[in-house]
Amino acid sequence: MIDSINYSLIPNEEFYAFDIGVLNLFDGKNLEGTGIEVFVKKAVDASAPFANAFKRESKNPFTEKSAQSDSLRGECHIAFRNYVEACSHRNKPGYHDASVKIMEIIRKHGWSAAHLGRKTETTVINSTVSEIREKCQNELTVLSAAEWLNELDTAEKAHEAVEKEGVTPPQNSGPTLTETRPAVVNALRSLFNMMSLQYEVTKNAVLADYAKSINELITQTMATVKANATKADKKKNSGTSNTETGK
């Protein structure tokens, strides 16, 4: 009834807009007989701390610093990935095989790491760097790609250092986005699941209307996320393509 949605792919700004959009559908409405009243209330209660954290952190200088370091590591991942891929097309002994071996590792851990949630991206980059260093020293030498990998590793470590700075927020600042978002995700999942179960039993037309509106929000949100990711990817690629093809 409710379309599936991968919350981990949605940045906080888009997730905040989606959450507000869902809650607005139910605001002031008579939900008697739908069986979802309790779940809507839980979603509202879980969303309040997240909304406060979003408004607070959007004004926090740390947020911009974190976003910049996150963007840089994403650019470095794309630069390394695209350089290795470009090398696979070179007519030079050893290049193709070396590139394919490294690309297999990148794909295994996450080809589009820059489009994942921040924690997932950290795991993907660290795992990728670690395995390539362990298994592909010869291949890195053949492609002269060690410097590209080092830049990625350095950017990742720099981002982790920035994130560490923000682990302990100023006193009395309140819960963070990282702390409050999981509760909202769980509350929305529970609400959507209950809507589907209730509709399956009752065929309540009101639930069907809500589901239609929520699915429209999901489609709009994912389209925005995809468009922003594509725009960012094109911007990053345009800044690295000349360097990559010139190697």
# chains A, B, ... in the order shown; residues from 1 in each chain; ligands from 1
call {"tool": "residues_around", "arguments": {"residues": "Ala223 in chain A", "least_positions_apart": "4", "cutoff": "12 Å", "atoms": "only C-alpha atoms", "output": "PyMOL selection string"}}
result
chain A and resi 5+9-10+14+18+216-219+227-230
call {"tool": "write_last_selection", "arguments": {"atoms": "N, CA and C atoms", "output": "compact mmCIF listing (two decimals), in the first residue's frame"}}
result
# COMPACT_ATOMS: atom_id res chain seq x y z
N ILE A 5 10.62 2.72 0.82
CA ILE A 5 11.49 3.90 0.81
C ILE A 5 12.76 3.60 1.60
N LEU A 9 19.11 6.76 2.18
CA LEU A 9 19.53 7.53 1.01
C LEU A 9 19.09 8.99 1.06
N ILE A 10 18.26 9.32 2.05
CA ILE A 10 17.67 10.66 2.10
C ILE A 10 18.45 11.56 3.06
N GLU A 14 16.05 16.84 3.10
CA GLU A 14 14.93 16.25 2.38
C GLU A 14 14.07 15.38 3.31
N PHE A 18 10.13 15.71 4.10
CA PHE A 18 9.23 14.56 3.94
C PHE A 18 8.44 14.30 5.21
N GLU A 216 2.79 9.86 -3.08
CA GLU A 216 3.17 11.03 -3.89
C GLU A 216 4.35 11.76 -3.23
N LEU A 217 4.31 11.87 -1.90
CA LEU A 217 5.42 12.49 -1.17
C LEU A 217 6.70 11.69 -1.33
N ILE A 218 6.58 10.38 -1.27
CA ILE A 218 7.75 9.51 -1.44
C ILE A 218 8.35 9.71 -2.82
N THR A 219 7.50 9.73 -3.83
CA THR A 219 7.98 9.92 -5.21
C THR A 219 8.67 11.27 -5.36
N ALA A 227 17.77 13.99 -8.12
CA ALA A 227 18.16 15.17 -8.90
C ALA A 227 19.35 15.88 -8.26
N ASN A 228 19.32 16.02 -6.94
CA ASN A 228 20.43 16.67 -6.24
C ASN A 228 21.71 15.86 -6.35
N ALA A 229 21.57 14.53 -6.26
CA ALA A 229 22.74 13.66 -6.36
C ALA A 229 23.33 13.72 -7.76
N THR A 230 22.46 13.73 -8.78
CA THR A 230 22.93 13.80 -10.16
C THR A 230 23.63 15.13 -10.42
call {"tool": "select_by_dssp", "arguments": {"residues": "range 158-236 of chain A", "states": "alpha helix (DSSP H)", "output": "PyMOL selection string"}}
result
chain A and resi 158-165+177-202+205-236
call {"tool": "residues_around", "arguments": {"residues": "range 103-115 of chain A", "least_positions_apart": "5", "cutoff": "10 Å", "atoms": "only C-alpha atoms", "output": "VMD selection string"}}
result
chain A and resid 8 to 11 70 to 78 80 to 82 84 to 85 88 97 to 98 120 to 129 131 to 132 135 to 136 225 to 226 228 to 230 232 to 233
call {"tool": "residues_around", "arguments": {"residues": "Glu64 in chain A", "least_positions_apart": "4", "cutoff": "12 Å", "atoms": "only C-alpha atoms", "output": "VMD selection string"}}
result
chain A and resid 57 to 60 68 to 71 159 162 to 163 166
call {"tool": "residues_around", "arguments": {"residues": "range 198-202 of chain A", "least_positions_apart": "6", "cutoff": "12 Å", "atoms": "only C-alpha atoms", "output": "list in words"}}
result
Met1, Ile2, Gly33, Thr34, Gly35, Ile36, Glu37, Phe39, Leu191, Phe192, Ala208, Asp209, Tyr210 and Ala211 of chain A
call {"tool": "atom_distance", "arguments": {"atom1": "CA of Ala187 in chain A", "atom2": "CA of Lys42 in chain A"}}
result
6.2 Å
call {"tool": "closest_residue", "arguments": {"among": "A:Lys231, A:Glu156, A:Asp27, A:Leu207", "to": "Asn193 in chain A", "atoms": "only C-alpha atoms"}}
result
A:Leu207
call {"tool": "decode", "arguments": {"residues": "range 68-81 of chain A", "atoms": "N, CA and C atoms", "output": "compact mmCIF listing (two decimals), in the first residue's frame"}}
result
# COMPACT_ATOMS: atom_id res chain seq x y z
N GLN A 68 31.08 20.39 4.22
CA GLN A 68 32.21 20.62 3.32
C GLN A 68 33.17 19.44 3.31
N SER A 69 33.46 18.92 4.50
CA SER A 69 34.38 17.77 4.56
C SER A 69 33.74 16.52 3.98
N ASP A 70 32.42 16.40 4.14
CA ASP A 70 31.71 15.27 3.54
C ASP A 70 31.73 15.37 2.02
N SER A 71 31.55 16.58 1.50
CA SER A 71 31.58 16.79 0.05
C SER A 71 32.96 16.49 -0.52
N LEU A 72 34.00 16.90 0.21
CA LEU A 72 35.37 16.68 -0.27
C LEU A 72 35.69 15.20 -0.36
N ARG A 73 35.32 14.42 0.66
CA ARG A 73 35.63 12.99 0.59
C ARG A 73 34.83 12.32 -0.53
N GLY A 74 33.60 12.82 -0.76
CA GLY A 74 32.82 12.29 -1.87
C GLY A 74 33.48 12.56 -3.21
N GLU A 75 34.01 13.77 -3.36
CA GLU A 75 34.71 14.12 -4.59
C GLU A 75 35.96 13.25 -4.78
N CYS A 76 36.66 13.00 -3.67
CA CYS A 76 37.87 12.18 -3.75
C CYS A 76 37.55 10.74 -4.11
N HIS A 77 36.44 10.23 -3.60
CA HIS A 77 36.02 8.87 -3.94
C HIS A 77 35.69 8.78 -5.43
N ILE A 78 34.95 9.76 -5.93
CA ILE A 78 34.59 9.78 -7.34
C ILE A 78 35.84 9.94 -8.21
N ALA A 79 36.77 10.80 -7.77
CA ALA A 79 37.99 11.03 -8.53
C ALA A 79 38.83 9.74 -8.65
N PHE A 80 38.99 9.05 -7.52
CA PHE A 80 39.75 7.79 -7.54
C PHE A 80 39.04 6.75 -8.39
N ARG A 81 37.75 6.60 -8.16
CA ARG A 81 36.97 5.62 -8.91
C ARG A 81 37.04 5.88 -10.41
